[in-house]
$ cat query27.pdb   # PDB, C-alpha atoms
ATOM      1  CA  MET A   1       0.459  36.933  -2.322
ATOM      2  CA  ARG A   2       3.664  37.820  -4.084
ATOM      3  CA  PRO A   3       5.356  34.753  -5.666
ATOM      4  CA  SER A   4       8.734  33.712  -4.307
ATOM      5  CA  LYS A   5      11.901  33.694  -6.395
ATOM      6  CA  LEU A   6      11.871  29.913  -6.366
ATOM      7  CA  SER A   7       8.299  29.696  -7.676
ATOM      8  CA  LEU A   8       9.121  32.194 -10.419
ATOM      9  CA  VAL A   9      12.158  30.144 -11.403
ATOM     10  CA  SER A  10      10.004  27.005 -11.491
ATOM     11  CA  VAL A  11       7.512  28.672 -13.833
ATOM     12  CA  ILE A  12      10.262  30.020 -16.089
ATOM     13  CA  LEU A  13      11.949  26.618 -16.156
ATOM     14  CA  SER A  14       8.700  24.851 -17.031
ATOM     15  CA  VAL A  15       8.063  27.263 -19.907
ATOM     16  CA  LEU A  16      11.598  26.875 -21.199
ATOM     17  CA  LEU A  17      11.443  23.101 -21.031
ATOM     18  CA  PHE A  18       8.042  23.011 -22.741
ATOM     19  CA  SER A  19       9.229  25.267 -25.546
ATOM     20  CA  GLN A  20      12.250  23.068 -26.107
ATOM     21  CA  CYS A  21      10.136  19.904 -26.288
ATOM     22  CA  VAL A  22       7.235  21.040 -28.491
ATOM     23  CA  LEU A  23       8.988  20.518 -31.800
ATOM     24  CA  SER A  24      11.209  17.677 -30.646
ATOM     25  CA  GLN A  25      11.052  14.129 -31.865
ATOM     26  CA  LEU A  26      11.683  13.057 -28.268
ATOM     27  CA  GLN A  27       8.999  12.715 -25.591
ATOM     28  CA  VAL A  28       8.847  13.079 -21.835
ATOM     29  CA  GLY A  29       7.512   9.753 -20.533
ATOM     30  CA  PHE A  30       8.612   7.896 -23.672
ATOM     31  CA  TYR A  31       8.956   4.603 -21.737
ATOM     32  CA  LYS A  32       5.750   4.852 -19.684
ATOM     33  CA  ASP A  33       4.183   1.870 -21.484
ATOM     34  CA  THR A  34       7.311  -0.154 -22.247
ATOM     35  CA  CYS A  35       9.649   0.259 -19.253
ATOM     36  CA  ARG A  36       8.040   2.231 -16.464
ATOM     37  CA  LEU A  37      10.950   1.715 -14.040
ATOM     38  CA  VAL A  38      13.659   3.048 -16.352
ATOM     39  CA  GLU A  39      14.252   6.391 -14.654
ATOM     40  CA  PHE A  40      14.025   4.863 -11.190
ATOM     41  CA  ILE A  41      16.631   2.222 -12.060
ATOM     42  CA  VAL A  42      19.022   4.710 -13.663
ATOM     43  CA  LYS A  43      18.705   7.099 -10.731
ATOM     44  CA  GLU A  44      19.301   4.326  -8.235
ATOM     45  CA  GLU A  45      22.573   3.404  -9.957
ATOM     46  CA  VAL A  46      23.645   7.058 -10.208
ATOM     47  CA  VAL A  47      22.905   7.768  -6.548
ATOM     48  CA  LYS A  48      24.700   4.612  -5.451
ATOM     49  CA  ALA A  49      27.784   5.529  -7.480
ATOM     50  CA  ILE A  50      27.937   9.185  -6.393
ATOM     51  CA  ILE A  51      27.594   8.267  -2.717
ATOM     52  CA  LYS A  52      30.802   6.262  -3.156
ATOM     53  CA  ASP A  53      32.532   8.886  -5.347
ATOM     54  CA  ARG A  54      31.141  12.439  -5.412
ATOM     55  CA  GLY A  55      33.297  13.273  -8.426
ATOM     56  CA  LEU A  56      31.163  10.999 -10.608
ATOM     57  CA  ALA A  57      28.399  13.618 -10.691
ATOM     58  CA  ALA A  58      30.616  15.925 -12.728
ATOM     59  CA  ALA A  59      31.890  12.999 -14.805
ATOM     60  CA  LEU A  60      28.406  11.877 -15.861
ATOM     61  CA  MET A  61      27.376  15.432 -16.765
ATOM     62  CA  ARG A  62      30.514  15.785 -18.850
ATOM     63  CA  MET A  63      29.883  12.432 -20.520
ATOM     64  CA  HIS A  64      26.528  13.664 -21.831
ATOM     65  CA  PHE A  65      28.160  16.848 -23.151
ATOM     66  CA  HIS A  66      30.970  14.954 -24.879
ATOM     67  CA  ASP A  67      28.499  12.488 -26.350
ATOM     68  CA  CYS A  68      26.087  15.064 -27.751
ATOM     69  CA  PHE A  69      28.693  17.373 -29.254
ATOM     70  CA  VAL A  70      30.167  14.576 -31.387
ATOM     71  CA  ARG A  71      27.686  12.891 -33.776
ATOM     72  CA  GLY A  72      24.768  13.971 -31.585
ATOM     73  CA  CYS A  73      23.348  12.277 -28.477
ATOM     74  CA  ASP A  74      23.732   8.708 -29.729
ATOM     75  CA  ALA A  75      25.898   7.076 -27.023
ATOM     76  CA  SER A  76      28.871   6.959 -29.400
ATOM     77  CA  ILE A  77      30.983   8.008 -26.397
ATOM     78  CA  LEU A  78      30.329   4.586 -24.831
ATOM     79  CA  LEU A  79      31.559   2.402 -27.703
ATOM     80  CA  ASP A  80      34.884   0.624 -27.228
ATOM     81  CA  SER A  81      37.669   0.868 -29.775
ATOM     82  CA  THR A  82      38.126  -2.013 -32.195
ATOM     83  CA  PRO A  83      41.260  -3.336 -33.900
ATOM     84  CA  SER A  84      40.391  -1.255 -36.939
ATOM     85  CA  SER A  85      39.106   1.935 -35.300
ATOM     86  CA  ILE A  86      39.930   4.178 -32.319
ATOM     87  CA  ALA A  87      36.703   5.230 -30.601
ATOM     88  CA  GLU A  88      35.824   8.614 -29.079
ATOM     89  CA  LYS A  89      36.394   7.386 -25.531
ATOM     90  CA  ASP A  90      40.061   6.722 -26.344
ATOM     91  CA  SER A  91      40.735  10.142 -27.854
ATOM     92  CA  PHE A  92      43.041  12.654 -26.167
ATOM     93  CA  ALA A  93      39.994  14.630 -25.014
ATOM     94  CA  ASN A  94      38.423  11.703 -23.158
ATOM     95  CA  ASN A  95      41.170   9.351 -22.076
ATOM     96  CA  PRO A  96      42.018   9.201 -19.223
ATOM     97  CA  SER A  97      39.884  12.118 -18.025
ATOM     98  CA  LEU A  98      36.359  10.895 -18.815
ATOM     99  CA  ARG A  99      34.918   8.294 -16.464
ATOM    100  CA  GLY A 100      31.674   6.868 -15.154
ATOM    101  CA  TYR A 101      31.184   4.243 -17.870
ATOM    102  CA  GLU A 102      30.562   1.554 -15.250
ATOM    103  CA  VAL A 103      27.537   3.481 -13.936
ATOM    104  CA  ILE A 104      25.936   3.329 -17.382
ATOM    105  CA  ASP A 105      26.906  -0.349 -17.719
ATOM    106  CA  ASN A 106      25.257  -1.225 -14.404
ATOM    107  CA  ALA A 107      22.042   0.610 -15.265
ATOM    108  CA  LYS A 108      21.909  -1.014 -18.707
ATOM    109  CA  ALA A 109      22.469  -4.498 -17.272
ATOM    110  CA  ARG A 110      19.540  -4.071 -14.885
ATOM    111  CA  LEU A 111      17.305  -2.646 -17.591
ATOM    112  CA  GLU A 112      18.045  -5.545 -19.925
ATOM    113  CA  VAL A 113      16.690  -7.878 -17.243
ATOM    114  CA  VAL A 114      13.368  -6.063 -16.810
ATOM    115  CA  CYS A 115      12.956  -4.425 -20.251
ATOM    116  CA  LYS A 116      15.118  -6.359 -22.667
ATOM    117  CA  GLY A 117      15.954  -4.498 -25.862
ATOM    118  CA  VAL A 118      13.853  -1.454 -25.004
ATOM    119  CA  VAL A 119      15.940   1.324 -23.445
ATOM    120  CA  SER A 120      18.746   2.922 -25.450
ATOM    121  CA  CYS A 121      22.165   3.650 -24.019
ATOM    122  CA  ALA A 122      21.790   7.226 -25.277
ATOM    123  CA  ASP A 123      18.716   7.744 -23.084
ATOM    124  CA  ILE A 124      20.486   6.209 -20.094
ATOM    125  CA  VAL A 125      23.306   8.763 -20.504
ATOM    126  CA  ALA A 126      20.751  11.596 -20.648
ATOM    127  CA  PHE A 127      18.879  10.360 -17.560
ATOM    128  CA  ALA A 128      22.144   9.853 -15.670
ATOM    129  CA  ALA A 129      23.311  13.396 -16.461
ATOM    130  CA  ARG A 130      20.057  14.851 -15.101
ATOM    131  CA  ASP A 131      20.268  12.723 -11.955
ATOM    132  CA  SER A 132      23.893  13.778 -11.465
ATOM    133  CA  ILE A 133      22.946  17.439 -11.670
ATOM    134  CA  GLU A 134      20.330  16.895  -8.972
ATOM    135  CA  MET A 135      22.824  15.028  -6.801
ATOM    136  CA  ALA A 136      25.266  17.916  -7.193
ATOM    137  CA  GLY A 137      22.688  20.466  -6.028
ATOM    138  CA  GLY A 138      21.344  21.605  -9.378
ATOM    139  CA  LEU A 139      17.703  21.756 -10.510
ATOM    140  CA  GLY A 140      16.066  18.600 -11.782
ATOM    141  CA  TYR A 141      14.151  18.552 -15.063
ATOM    142  CA  ASP A 142      12.084  16.225 -17.206
ATOM    143  CA  VAL A 143      14.170  14.402 -19.800
ATOM    144  CA  PRO A 144      12.544  13.901 -23.217
ATOM    145  CA  ALA A 145      13.487  10.385 -24.353
ATOM    146  CA  GLY A 146      13.311   8.175 -27.413
ATOM    147  CA  ARG A 147      16.919   8.419 -28.583
ATOM    148  CA  ARG A 148      18.423   5.511 -30.481
ATOM    149  CA  ASP A 149      22.036   4.354 -30.309
ATOM    150  CA  GLY A 150      24.539   5.077 -33.060
ATOM    151  CA  ARG A 151      26.780   2.482 -34.662
ATOM    152  CA  THR A 152      29.898   4.606 -35.213
ATOM    153  CA  SER A 153      32.453   6.178 -32.880
ATOM    154  CA  LEU A 154      35.612   7.825 -34.212
ATOM    155  CA  ALA A 155      38.266   9.589 -32.161
ATOM    156  CA  SER A 156      39.130  11.595 -35.257
ATOM    157  CA  GLU A 157      35.782  13.391 -35.037
ATOM    158  CA  ILE A 158      36.619  14.987 -31.689
ATOM    159  CA  ILE A 159      38.556  17.816 -33.345
ATOM    160  CA  GLY A 160      36.162  20.423 -34.629
ATOM    161  CA  ASN A 161      33.313  19.238 -32.406
ATOM    162  CA  LEU A 162      34.554  19.457 -28.814
ATOM    163  CA  PRO A 163      35.925  22.854 -27.732
ATOM    164  CA  PRO A 164      39.528  22.567 -26.486
ATOM    165  CA  PRO A 165      40.654  24.443 -23.335
ATOM    166  CA  THR A 166      42.778  26.796 -25.466
ATOM    167  CA  PHE A 167      39.888  28.362 -27.426
ATOM    168  CA  ASN A 168      39.212  32.093 -27.244
ATOM    169  CA  VAL A 169      35.733  33.567 -26.932
ATOM    170  CA  ASP A 170      35.211  33.982 -30.681
ATOM    171  CA  GLN A 171      36.183  30.378 -31.364
ATOM    172  CA  LEU A 172      33.931  29.130 -28.567
ATOM    173  CA  THR A 173      31.021  31.228 -29.769
ATOM    174  CA  GLN A 174      31.369  29.877 -33.310
ATOM    175  CA  MET A 175      31.644  26.237 -32.216
ATOM    176  CA  PHE A 176      28.563  26.485 -30.019
ATOM    177  CA  ALA A 177      26.706  28.361 -32.762
ATOM    178  CA  ASN A 178      27.496  25.459 -35.089
ATOM    179  CA  LYS A 179      25.569  23.272 -32.637
ATOM    180  CA  GLY A 180      22.645  25.674 -32.475
ATOM    181  CA  PHE A 181      23.448  27.459 -29.225
ATOM    182  CA  THR A 182      23.411  31.175 -28.511
ATOM    183  CA  GLN A 183      26.355  32.863 -26.852
ATOM    184  CA  GLU A 184      24.396  33.107 -23.606
ATOM    185  CA  GLU A 185      23.676  29.360 -23.709
ATOM    186  CA  MET A 186      27.378  28.762 -24.290
ATOM    187  CA  VAL A 187      28.265  30.689 -21.132
ATOM    188  CA  THR A 188      25.475  28.917 -19.237
ATOM    189  CA  LEU A 189      26.612  25.436 -20.245
ATOM    190  CA  SER A 190      30.244  26.258 -19.440
ATOM    191  CA  GLY A 191      29.336  26.647 -15.770
ATOM    192  CA  GLY A 192      28.145  23.065 -15.512
ATOM    193  CA  HIS A 193      30.580  21.250 -17.757
ATOM    194  CA  THR A 194      33.671  22.545 -15.982
ATOM    195  CA  LEU A 195      32.768  20.758 -12.764
ATOM    196  CA  GLY A 196      35.153  18.038 -11.676
ATOM    197  CA  ARG A 197      38.915  17.780 -12.057
ATOM    198  CA  SER A 198      41.497  18.158 -14.787
ATOM    199  CA  HIS A 199      44.905  16.707 -15.589
ATOM    200  CA  CYS A 200      47.837  19.116 -15.482
ATOM    201  CA  SER A 201      48.559  18.786 -19.184
ATOM    202  CA  SER A 202      45.280  20.536 -20.032
ATOM    203  CA  PHE A 203      46.389  23.883 -18.602
ATOM    204  CA  SER A 204      50.166  23.698 -18.000
ATOM    205  CA  ASP A 205      50.805  26.132 -20.855
ATOM    206  CA  ARG A 206      49.150  28.888 -18.797
ATOM    207  CA  LEU A 207      51.623  28.255 -15.984
ATOM    208  CA  TYR A 208      54.889  27.825 -17.855
ATOM    209  CA  ASN A 209      54.644  28.778 -21.528
ATOM    210  CA  PHE A 210      51.662  30.959 -22.256
ATOM    211  CA  SER A 211      51.369  31.687 -25.981
ATOM    212  CA  GLY A 212      54.956  30.524 -26.456
ATOM    213  CA  THR A 213      56.412  33.176 -24.124
ATOM    214  CA  LEU A 214      57.944  30.710 -21.619
ATOM    215  CA  LYS A 215      56.122  32.762 -18.988
ATOM    216  CA  GLN A 216      53.000  32.467 -16.871
ATOM    217  CA  ASP A 217      49.700  33.856 -18.145
ATOM    218  CA  ALA A 218      49.606  37.312 -16.559
ATOM    219  CA  SER A 219      45.819  37.159 -16.245
ATOM    220  CA  LEU A 220      45.996  34.343 -13.667
ATOM    221  CA  ASP A 221      45.615  35.296 -10.006
ATOM    222  CA  PRO A 222      49.205  34.976  -8.626
ATOM    223  CA  THR A 223      48.187  33.070  -5.501
ATOM    224  CA  TYR A 224      46.071  30.671  -7.536
ATOM    225  CA  ALA A 225      48.894  30.188 -10.055
ATOM    226  CA  ALA A 226      51.388  29.433  -7.287
ATOM    227  CA  LYS A 227      49.063  26.785  -5.868
ATOM    228  CA  LEU A 228      48.642  25.190  -9.296
ATOM    229  CA  LYS A 229      52.418  25.081  -9.770
ATOM    230  CA  GLN A 230      52.776  23.212  -6.491
ATOM    231  CA  GLN A 231      50.252  20.650  -7.659
ATOM    232  CA  CYS A 232      51.552  20.492 -11.231
ATOM    233  CA  PRO A 233      55.352  20.961 -11.400
ATOM    234  CA  GLN A 234      56.747  21.900 -14.796
ATOM    235  CA  GLY A 235      57.134  18.877 -17.038
ATOM    236  CA  SER A 236      54.884  16.683 -14.880
ATOM    237  CA  THR A 237      53.345  13.840 -16.883
ATOM    238  CA  ASP A 238      51.831  11.854 -14.013
ATOM    239  CA  PRO A 239      48.327  10.890 -15.241
ATOM    240  CA  ASN A 240      47.174  10.412 -11.646
ATOM    241  CA  VAL A 241      47.646  14.074 -10.700
ATOM    242  CA  VAL A 242      44.450  16.070 -11.119
ATOM    243  CA  VAL A 243      43.294  19.434  -9.785
ATOM    244  CA  PRO A 244      39.784  20.858  -9.267
ATOM    245  CA  MET A 245      38.481  22.820 -12.258
ATOM    246  CA  THR A 246      36.539  25.136  -9.924
ATOM    247  CA  SER A 247      36.540  26.025  -6.227
ATOM    248  CA  THR A 248      33.424  23.830  -5.831
ATOM    249  CA  PRO A 249      34.224  20.852  -8.105
ATOM    250  CA  SER A 250      31.437  18.589  -6.857
ATOM    251  CA  ILE A 251      28.633  21.146  -6.659
ATOM    252  CA  ALA A 252      26.475  22.497  -9.484
ATOM    253  CA  ASP A 253      26.566  26.145  -8.458
ATOM    254  CA  ALA A 254      27.762  29.535  -9.670
ATOM    255  CA  GLY A 255      31.263  29.013  -8.262
ATOM    256  CA  TYR A 256      32.670  28.771 -11.778
ATOM    257  CA  TYR A 257      31.636  32.343 -12.558
ATOM    258  CA  ILE A 258      32.868  33.660  -9.211
ATOM    259  CA  ASP A 259      36.234  32.040  -9.917
ATOM    260  CA  ILE A 260      36.449  33.635 -13.354
ATOM    261  CA  LEU A 261      35.732  37.085 -11.945
ATOM    262  CA  ALA A 262      38.577  36.519  -9.475
ATOM    263  CA  ASN A 263      40.956  35.487 -12.318
ATOM    264  CA  ARG A 264      40.924  31.898 -11.108
ATOM    265  CA  GLY A 265      39.601  30.293 -14.273
ATOM    266  CA  LEU A 266      41.683  27.178 -14.882
ATOM    267  CA  PHE A 267      41.688  27.225 -18.687
ATOM    268  CA  THR A 268      42.204  29.849 -21.338
ATOM    269  CA  SER A 269      38.646  29.033 -22.449
ATOM    270  CA  ASP A 270      37.444  30.115 -18.987
ATOM    271  CA  HIS A 271      39.290  33.418 -18.694
ATOM    272  CA  THR A 272      38.443  34.361 -22.275
ATOM    273  CA  LEU A 273      34.812  34.897 -21.223
ATOM    274  CA  LEU A 274      35.982  38.152 -19.611
ATOM    275  CA  THR A 275      37.463  39.465 -22.854
ATOM    276  CA  SER A 276      34.094  40.162 -24.511
ATOM    277  CA  PRO A 277      31.677  42.688 -22.968
ATOM    278  CA  ALA A 278      28.686  40.443 -23.703
ATOM    279  CA  THR A 279      30.108  37.267 -22.154
ATOM    280  CA  ALA A 280      31.686  39.216 -19.273
ATOM    281  CA  ASN A 281      28.245  40.591 -18.420
ATOM    282  CA  GLN A 282      26.780  37.087 -18.539
ATOM    283  CA  VAL A 283      29.524  35.795 -16.225
ATOM    284  CA  ALA A 284      28.786  38.579 -13.742
ATOM    285  CA  GLU A 285      25.030  37.981 -13.973
ATOM    286  CA  ASN A 286      25.395  34.245 -13.340
ATOM    287  CA  ALA A 287      27.705  34.879 -10.389
ATOM    288  CA  LYS A 288      25.148  37.290  -8.919
ATOM    289  CA  ASN A 289      22.054  35.126  -9.565
ATOM    290  CA  PRO A 290      22.944  31.464  -8.931
ATOM    291  CA  ILE A 291      19.341  30.193  -8.879
ATOM    292  CA  GLN A 292      18.609  31.859 -12.203
ATOM    293  CA  TRP A 293      21.745  30.217 -13.613
ATOM    294  CA  LYS A 294      20.576  26.809 -12.384
ATOM    295  CA  ALA A 295      17.275  27.260 -14.222
ATOM    296  CA  LYS A 296      19.022  28.365 -17.412
ATOM    297  CA  PHE A 297      21.457  25.463 -17.129
ATOM    298  CA  ALA A 298      18.641  22.920 -16.810
ATOM    299  CA  ALA A 299      16.926  24.348 -19.903
ATOM    300  CA  ALA A 300      20.195  24.346 -21.853
ATOM    301  CA  MET A 301      20.797  20.711 -20.898
ATOM    302  CA  VAL A 302      17.387  19.731 -22.280
ATOM    303  CA  LYS A 303      18.230  21.519 -25.518
ATOM    304  CA  MET A 304      21.668  19.907 -25.690
ATOM    305  CA  GLY A 305      20.105  16.490 -25.170
ATOM    306  CA  GLN A 306      18.252  16.869 -28.471
ATOM    307  CA  LEU A 307      21.310  17.480 -30.636
ATOM    308  CA  ASP A 308      21.229  15.385 -33.819
ATOM    309  CA  VAL A 309      19.375  12.519 -32.143
ATOM    310  CA  LEU A 310      18.525   9.263 -33.861
ATOM    311  CA  THR A 311      14.870   8.293 -33.489
ATOM    312  CA  GLY A 312      12.272   5.902 -34.876
ATOM    313  CA  SER A 313      13.988   3.189 -36.895
ATOM    314  CA  GLU A 314      17.341   4.996 -37.071
ATOM    315  CA  GLY A 315      20.339   3.466 -35.320
ATOM    316  CA  GLU A 316      19.701   0.610 -32.894
ATOM    317  CA  ILE A 317      19.089  -0.315 -29.252
ATOM    318  CA  ARG A 318      22.331  -1.851 -28.033
ATOM    319  CA  ALA A 319      22.258  -4.803 -25.661
ATOM    320  CA  ASN A 320      25.702  -3.819 -24.385
ATOM    321  CA  CYS A 321      26.487  -0.104 -24.424
ATOM    322  CA  ARG A 322      30.135  -0.765 -25.295
ATOM    323  CA  VAL A 323      29.564  -2.617 -28.568
ATOM    324  CA  ILE A 324      27.220  -2.351 -31.542
ATOM    325  CA  LYS A 325      24.935  -5.197 -32.445
ATOM    326  CA  SER A 326      26.579  -7.702 -34.771
TER
END
$ encode --input "query27.pdb" --output "C-alpha cells"
Amino acid sequence: MRPSKLSLVSVILSVLLFSQCVLSQLQVGFYKDTCRLVEFIVKEEVVKAIIKDRGLAAALMRMHFHDCFVRGCDASILLDSTPSSIAEKDSFANNPSLRGYEVIDNAKARLEVVCKGVVSCADIVAFAARDSIEMAGGLGYDVPAGRRDGRTSLASEIIGNLPPPTFNVDQLTQMFANKGFTQEEMVTLSGGHTLGRSHCSSFSDRLYNFSGTLKQDASLDPTYAAKLKQQCPQGSTDPNVVVPMTSTPSIADAGYYIDILANRGLFTSDHTLLTSPATANQVAENAKNPIQWKAKFAAAMVKMGQLDVLTGSEGEIRANCRVIKS
C-alpha cells in the first residue's frame, strides 16, 4: 500500500524531531518521575484560555519566540521590571503587544500545588507554545524539557536579538543565522510567529512615509493598503487599535505565505522575503504545500526551544514566574 501524505509527513517530522533531540541537554519526558501531570495541567490551562480568547494561541507562540531569542529559552520574558531595571516584557517590542502571561501564571500556580519547586517557568512557556500551535490547527510535537529559569531580564537586550518589522531579507538572514538557523528555517518560523494582531505603529511607515518618501510603499496591494488606512488613520496613537497580521490570524496555516505572494504582507520584513530568489521560492513552496510547512514549523519550534538553555544546576526554578528567588 502506498503511504499517504500525512503518514509521510509524520515520519519526516519524527526523524526531524529525533535528530534535533539527540545532542540536546533536554529530554522528552523529563518530568515523568517528578511531575507526571505537568503537560496535562499546562494544556488544560492553555485550552481553557484559548476557548475564551482565540487570539491567545498566537500570543503564546510569540511569547516563546520572544523568550528564546533574547538570552535563550529561560523565561526571562516573564520577569517583571524592578525599580532598578526595565525588564524585557516592558520593552517597546513587547509592551503592550505581548500577552498571555496570566495563562503561564495559572499553570505555574497549579503545578506548585502538586509538584512544588519542580517545573520551570521556561518549560511551561515551551509546553504552552506547543499546545497553542495544536489549538490553532498546527501539528503537535514532543517537547524536550529540563530548562531552568534565568535570573536576569533586560529590555536593553531586545535590540540586536529580536528582528524588527523593518528588517530586509539580508538583515533577517543574518540575525537568524546568529541564532543558528538556516534561511529556510527563518522563512518557516516567520509563518508561525506572525499570527495574531499588530498595533498600527508597527507598520504605519509603509502606509504614510515609506523610506522617508512621505508616500505609501508601492509594493503593497492597493486594496489592502486602503483597508489598513481605514483601520489606522495617519497619526493614530490609540494603543487599543490592532489589525490582523495575516488573513487567518488565529490559525496556524500557510495563509501568511499566500498573503505575501499577493503583496499583502503587513510588515517590510514580510514583503522582503520576495526580494531574494531563495526566500521567494521558499514562500511559494510553503504556500503550495501547507502540510509540509506545518511539519517544518514543528521541527523548527523544537530547535528554537533549545536555544541557549540553562540546565542542570544553572539558573533556578522560580516559585513565581514573575520574580526571581530572593
$ atom_distance --input "query27.pdb" --atom1 "CA of Gln231 in chain A" --atom2 "CA of Val243 in chain A"
7.4 Å
$ closest_residue --input "query27.pdb" --among "A:Leu274, A:Leu162, A:Cys232, A:Ala295" --to "Ile260 in chain A" --atoms "all atoms listed in the file"
A:Leu274
$ closest_atom_pairs --input "query27.pdb" --of "range 101-201 of chain A" --to "range 34-46 of chain A" --cutoff "6 Å" --atoms "all atoms listed in the file" --output "Markdown table"
| residue | atom | partner | partner_atom | distance |
| --- | --- | --- | --- | --- |
| A:Ala107 | CA | A:Val42 | CA | 5.3 |
| A:Cys115 | CA | A:Cys35 | CA | 5.8 |
| A:Asp131 | CA | A:Lys43 | CA | 6.0 |
$ residues_near_point --input "query27.pdb" --point "(29.6, 9.8, -16.0)" --cutoff "8 Å" --atoms "all atoms listed in the file" --output "PyMOL selection string"
chain A and resi 56-64+98-101+103-104+125+128-129
$ write_last_selection --input "query27.pdb" --atoms "C-alpha atoms" --output "CSV table (one decimal), in the frame of the given file"
chain,number,residue,atom,x,y,z
A,56,LEU,CA,31.2,11.0,-10.6
A,57,ALA,CA,28.4,13.6,-10.7
A,58,ALA,CA,30.6,15.9,-12.7
A,59,ALA,CA,31.9,13.0,-14.8
A,60,LEU,CA,28.4,11.9,-15.9
A,61,MET,CA,27.4,15.4,-16.8
A,62,ARG,CA,30.5,15.8,-18.8
A,63,MET,CA,29.9,12.4,-20.5
A,64,HIS,CA,26.5,13.7,-21.8
A,98,LEU,CA,36.4,10.9,-18.8
A,99,ARG,CA,34.9,8.3,-16.5
A,100,GLY,CA,31.7,6.9,-15.2
A,101,TYR,CA,31.2,4.2,-17.9
A,103,VAL,CA,27.5,3.5,-13.9
A,104,ILE,CA,25.9,3.3,-17.4
A,125,VAL,CA,23.3,8.8,-20.5
A,128,ALA,CA,22.1,9.9,-15.7
A,129,ALA,CA,23.3,13.4,-16.5
$ resolve_selection --input "query27.pdb" --expression "the PyMOL selection byres ((chain A and resi 163) around 10)" --output "PyMOL selection string"
chain A and resi 66+69+93+158-162+164-168+171-173+175-176+269
$ resolve_selection --input "query27.pdb" --expression "the PyMOL selection byres ((chain A and resi 199) around 7)" --output "JSON, numbers by chain"
{"A": [198, 200, 201, 202, 239, 241, 242, 243]}
$ closest_atom_pairs --input "query27.pdb" --of "range 285-318 of chain A" --to "range 183-193 of chain A" --cutoff "7 Å" --atoms "all atoms listed in the file" --output "Markdown table"
| residue | atom | partner | partner_atom | distance |
| --- | --- | --- | --- | --- |
| A:Trp293 | CA | A:Thr188 | CA | 6.9 |
| A:Lys296 | CA | A:Thr188 | CA | 6.7 |
| A:Phe297 | CA | A:Thr188 | CA | 5.7 |
| A:Ala300 | CA | A:Glu185 | CA | 6.4 |
$ resolve_selection --input "query27.pdb" --expression "the PyMOL selection byres ((chain A and resi 324) around 10)" --output "short mmCIF file (atom, residue, chain, number, x, y, z; two decimals) with C-alpha atoms, in the frame of the given file"
data_model
loop_
_atom_site.label_atom_id
_atom_site.label_comp_id
_atom_site.auth_asym_id
_atom_site.auth_seq_id
_atom_site.Cartn_x
_atom_site.Cartn_y
_atom_site.Cartn_z
CA SER A 76 28.87 6.96 -29.40
CA LEU A 79 31.56 2.40 -27.70
CA ASP A 80 34.88 0.62 -27.23
CA ASP A 149 22.04 4.35 -30.31
CA GLY A 150 24.54 5.08 -33.06
CA ARG A 151 26.78 2.48 -34.66
CA THR A 152 29.90 4.61 -35.21
CA GLY A 315 20.34 3.47 -35.32
CA GLU A 316 19.70 0.61 -32.89
CA ILE A 317 19.09 -0.32 -29.25
CA ARG A 318 22.33 -1.85 -28.03
CA ALA A 319 22.26 -4.80 -25.66
CA ASN A 320 25.70 -3.82 -24.38
CA CYS A 321 26.49 -0.10 -24.42
CA ARG A 322 30.14 -0.76 -25.30
CA VAL A 323 29.56 -2.62 -28.57
CA LYS A 325 24.94 -5.20 -32.44
CA SER A 326 26.58 -7.70 -34.77
#
$ closest_residue --input "query27.pdb" --among "A:Leu207, A:Ala145, A:Ala136, A:Ile50" --to "Gly235 in chain A" --atoms "only C-alpha atoms"
A:Leu207
$ atom_distance --input "query27.pdb" --atom1 "CA of Glu88 in chain A" --atom2 "CA of Glu157 in chain A"
7.6 Å
$ closest_residue --input "query27.pdb" --among "A:Gly312, A:Pro222, A:Gly137, A:Gly146" --to "Pro290 in chain A" --atoms "all atoms listed in the file"
A:Gly137
$ atom_distance --input "query27.pdb" --atom1 "CA of Met245 in chain A" --atom2 "CA of Leu266 in chain A"
6.0 Å
$ closest_residue --input "query27.pdb" --among "A:Ala298, A:Lys32, A:Asp205, A:Asn106" --to "Val118 in chain A" --atoms "only C-alpha atoms"
A:Lys32
$ closest_residue --input "query27.pdb" --among "A:Ile291, A:Ala299, A:Asp221, A:Tyr208" --to "Pro233 in chain A" --atoms "only C-alpha atoms"
A:Tyr208
$ closest_residue --input "query27.pdb" --among "A:Ala287, A:Leu273, A:Ala49, A:Ala254" --to "Gly138 in chain A" --atoms "all atoms listed in the file"
A:Ala254
$ axis_aligned_box --input "query27.pdb" --around "range 217-233 of chain A" --padding-each-side "6 Å" --output "JSON"
{"center_x": 50.5, "center_y": 28.9, "center_z": -11.8, "size_x": 21.7, "size_y": 28.8, "size_z": 24.6}
$ residues_around --input "query27.pdb" --residues "Leu154 in chain A" --least-positions-apart "6" --cutoff "12 Å" --atoms "all atoms listed in the file" --output "VMD selection string"
chain A and resid 67 70 to 71 76 to 82 84 to 92 161
